[in-house]
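Engineer: Could you have a look at this structure, given as structure tokens, before my questions?
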Amino acid sequence: MASSVMPSDSYKYMTGFGNEFTSEALPNALPKGQNTPQVCPYGLYAEQLSGSAFTAPRETNKRSWFYRIRPSVVHKPFKRIEQGYLTNKFTDWYPNPNQLRWLPFSLPGPDDRKDFVQGLCTVCGAGEPCSRNGLAVHMYLCNASMHNKAFYNSDGDFLIG
């Protein structure tokens, strides 16, 4: 008779192997043993997001399955939010190799509510998005929640400290 080497604990662990994991917001929301069932639990819609070229071998495919309340095709179009202090146009200025200093950013007043996106300020950068090469350094300062807004970063290398 085998005995457990791990004491019983109250933690719930993510299942998965080979760096593939599952998580669910509601119990039994994920279908068991299949990816695209004809009828998903809770009336959800199954969608796959692929991060691999269609010519990649199956074992190297990077993908995510989403089970959504609405299909992505019925979402309204995204709208651009004008942001005065966020930029990616680093070719508008000549490079300056000198040491620079700047004053701290102004804190918003009690009536000047700034969420995360409104509070992003570009400090420096190089490159440009069309060449898919470069970097940017931003600072942020916020004092309000992003009510009914979402921030999307398609770069994937957005480190928030």
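Following the order of the structure tokens, first chain is A, next is B, and so on, with residues numbered from 1 inside each chain and ligands from 1 in the order they appear.
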Might you pull out every residue within 10 Å of segment 126-131 of chain A, with only C-alpha atoms counted and same-chain residues fewer than 2 positions away left off, and present them as a list in words?
Structural biologist: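 Using only C-alpha atoms, the neighbours found are Asn88, Lys89, Phe90, Thr91, Pro95, Cys124, Asn133, Gly134, Leu135, Ala136, Val137 and Asp155 of chain A.
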Engineer: Let's have the selection written as a compact mmCIF listing (two decimals), in the first residue's frame, with C-alpha atoms.
Structural biologist:
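So again-v2.txt came out as:
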```
# COMPACT_ATOMS: atom_id res chain seq x y z
CA ASN A 88 6.30 55.37 -31.49
CA LYS A 89 7.71 57.99 -33.88
CA PHE A 90 11.34 58.03 -32.83
CA THR A 91 12.55 59.18 -36.26
CA PRO A 95 19.44 60.92 -31.56
CA CYS A 124 12.49 57.15 -25.07
CA ASN A 133 12.30 46.03 -34.66
CA GLY A 134 12.94 48.39 -31.78
CA LEU A 135 11.90 49.22 -28.27
CA ALA A 136 10.18 51.90 -26.29
CA VAL A 137 10.36 52.91 -22.65
CA ASP A 155 3.77 43.00 -28.91
```
Engineer: Can you check which residues of chain A DSSP gives as strand (DSSP E or B) on the backbone and send them as a PyMOL selection string?
Structural biologist: chain A and resi 16+21+45-50+63-68+120-128+133-140
Engineer: I need the chosen residues saved as a compact mmCIF listing (two decimals), in the first residue's frame, with C-alpha atoms.
Structural biologist:
```
# COMPACT_ATOMS: atom_id res chain seq x y z
CA GLY A 16 -1.30 20.23 -18.20
CA PHE A 21 -2.45 24.36 -19.33
CA TYR A 45 -18.59 29.44 -28.35
CA ALA A 46 -15.32 27.62 -29.07
CA GLU A 47 -12.62 29.61 -30.89
CA GLN A 48 -8.97 28.85 -31.55
CA LEU A 49 -6.24 31.50 -31.71
CA SER A 50 -3.17 30.22 -33.55
CA ARG A 63 -2.38 27.88 -30.00
CA SER A 64 -5.00 28.78 -27.46
CA TRP A 65 -8.59 27.64 -27.26
CA PHE A 66 -11.10 30.19 -26.00
CA TYR A 67 -14.62 29.46 -24.92
CA ARG A 68 -16.37 32.80 -25.24
CA LEU A 120 1.22 56.20 -20.22
CA CYS A 121 4.06 58.56 -21.18
CA THR A 122 6.86 57.66 -23.61
CA VAL A 123 10.31 58.45 -22.23
CA CYS A 124 12.49 57.15 -25.07
CA GLY A 125 12.73 54.52 -27.76
CA ALA A 126 14.28 53.36 -31.00
CA GLY A 127 13.03 51.63 -34.13
CA GLU A 128 9.51 51.65 -35.43
CA ASN A 133 12.30 46.03 -34.66
CA GLY A 134 12.94 48.39 -31.78
CA LEU A 135 11.90 49.22 -28.27
CA ALA A 136 10.18 51.90 -26.29
CA VAL A 137 10.36 52.91 -22.65
CA HIS A 138 7.24 54.31 -21.04
CA MET A 139 6.28 55.44 -17.58
CA TYR A 140 2.77 55.49 -16.25
```
Engineer: Determine, counting only C-alpha atoms, which protein, DNA and RNA residues have an atom within 7 Å of an atom of Gly119 of chain A; residues of the same chain fewer than 2 positions away are not included. Present the result as a VMD selection string.
Structural biologist: chain A and resid 114 to 117 121 140 to 142
Engineer: For the residues in that selection, give me N, CA and C atoms as an mmCIF file, in the first residue's frame.
Structural biologist:
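Result saved to again.cif:
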```cif
data_model
loop_
_atom_site.group_PDB
_atom_site.id
_atom_site.type_symbol
_atom_site.label_atom_id
_atom_site.label_comp_id
_atom_site.auth_asym_id
_atom_site.auth_seq_id
_atom_site.Cartn_x
_atom_site.Cartn_y
_atom_site.Cartn_z
ATOM 1 N N LYS A 114 -7.061 59.966 -14.426
ATOM 2 C CA LYS A 114 -6.286 59.321 -15.484
ATOM 3 C C LYS A 114 -6.231 57.825 -15.213
ATOM 4 N N ASP A 115 -6.652 57.043 -16.213
ATOM 5 C CA ASP A 115 -6.531 55.596 -16.078
ATOM 6 C C ASP A 115 -5.162 55.172 -16.613
ATOM 7 N N PHE A 116 -4.910 53.867 -16.655
ATOM 8 C CA PHE A 116 -3.601 53.363 -17.063
ATOM 9 C C PHE A 116 -3.209 53.841 -18.461
ATOM 10 N N VAL A 117 -4.108 53.733 -19.416
ATOM 11 C CA VAL A 117 -3.788 54.124 -20.794
ATOM 12 C C VAL A 117 -3.554 55.627 -20.895
ATOM 13 N N CYS A 121 3.237 57.497 -20.607
ATOM 14 C CA CYS A 121 4.063 58.557 -21.182
ATOM 15 C C CYS A 121 5.341 57.932 -21.732
ATOM 16 N N TYR A 140 4.198 55.266 -16.386
ATOM 17 C CA TYR A 140 2.767 55.491 -16.248
ATOM 18 C C TYR A 140 2.448 56.020 -14.861
ATOM 19 N N LEU A 141 1.327 56.670 -14.808
ATOM 20 C CA LEU A 141 0.836 57.195 -13.551
ATOM 21 C C LEU A 141 -0.671 57.237 -13.686
ATOM 22 N N CYS A 142 -1.385 56.599 -12.770
ATOM 23 C CA CYS A 142 -2.840 56.574 -12.889
ATOM 24 C C CYS A 142 -3.483 56.709 -11.516
#
```
Engineer: Please identify all polymer residues within 12 Å of Arg80 of chain A, counting only C-alpha atoms, omitting same-chain residues fewer than 4 positions from it, and present them as a list in words.
Structural biologist: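 My list of contacting residues is Val117, Lys149, Ala150, Phe151 and Tyr152 of chain A.
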Engineer: Could you check which of A:Asp111, A:Asp157, A:Leu44, A:Glu24 is closest to Ser72 of chain A, using only C-alpha atoms?
Structural biologist: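 Counting only C-alpha atoms, the residue closest to Ser72 of chain A is A:Leu44.
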Engineer: Looking only at the backbone, which of the residues in segment 17-142 of chain A does DSSP tag as helix (DSSP H, G or I), as a VMD selection string?
Structural biologist: chain A and resid 41 to 43 58 to 60 72 to 74 90 to 92 129 to 131
Engineer: Please provide the set of residues having any atom within 10 Å of Leu30 of chain A, restricted to only C-alpha atoms, with same-chain residues fewer than 2 positions apart removed, written as a VMD selection string.
Structural biologist: chain A and resid 22 to 28 32 to 35 37 40 to 42 44 46 65 to 67
Engineer: Restrict the selected residues to C-alpha atoms and save them as a CSV table (one decimal), in the first residue's frame.
Structural biologist:
```
chain,number,residue,atom,x,y,z
A,22,THR,CA,-6.1,24.9,-18.8
A,23,SER,CA,-8.0,27.2,-16.5
A,24,GLU,CA,-11.7,28.0,-16.2
A,25,ALA,CA,-13.8,30.7,-14.6
A,26,LEU,CA,-16.8,28.4,-13.9
A,27,PRO,CA,-16.6,24.7,-12.9
A,28,ASN,CA,-16.8,22.3,-15.8
A,32,LYS,CA,-13.4,17.1,-21.4
A,33,GLY,CA,-11.4,15.2,-24.0
A,34,GLN,CA,-12.2,17.5,-26.9
A,35,ASN,CA,-11.5,21.0,-28.2
A,37,PRO,CA,-17.6,20.1,-29.2
A,40,CYS,CA,-20.1,23.8,-25.4
A,41,PRO,CA,-21.0,23.9,-21.7
A,42,TYR,CA,-22.8,27.1,-20.5
A,44,LEU,CA,-20.2,29.2,-24.9
A,46,ALA,CA,-15.3,27.6,-29.1
A,65,TRP,CA,-8.6,27.6,-27.3
A,66,PHE,CA,-11.1,30.2,-26.0
A,67,TYR,CA,-14.6,29.5,-24.9
```
Engineer: Work out how far apart atom CA of Asn61 of chain A and atom CA of Val73 of chain A are and give it in Å to one decimal.
Structural biologist: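 Atom CA of Asn61 of chain A sits 23.4 Å away from atom CA of Val73 of chain A.
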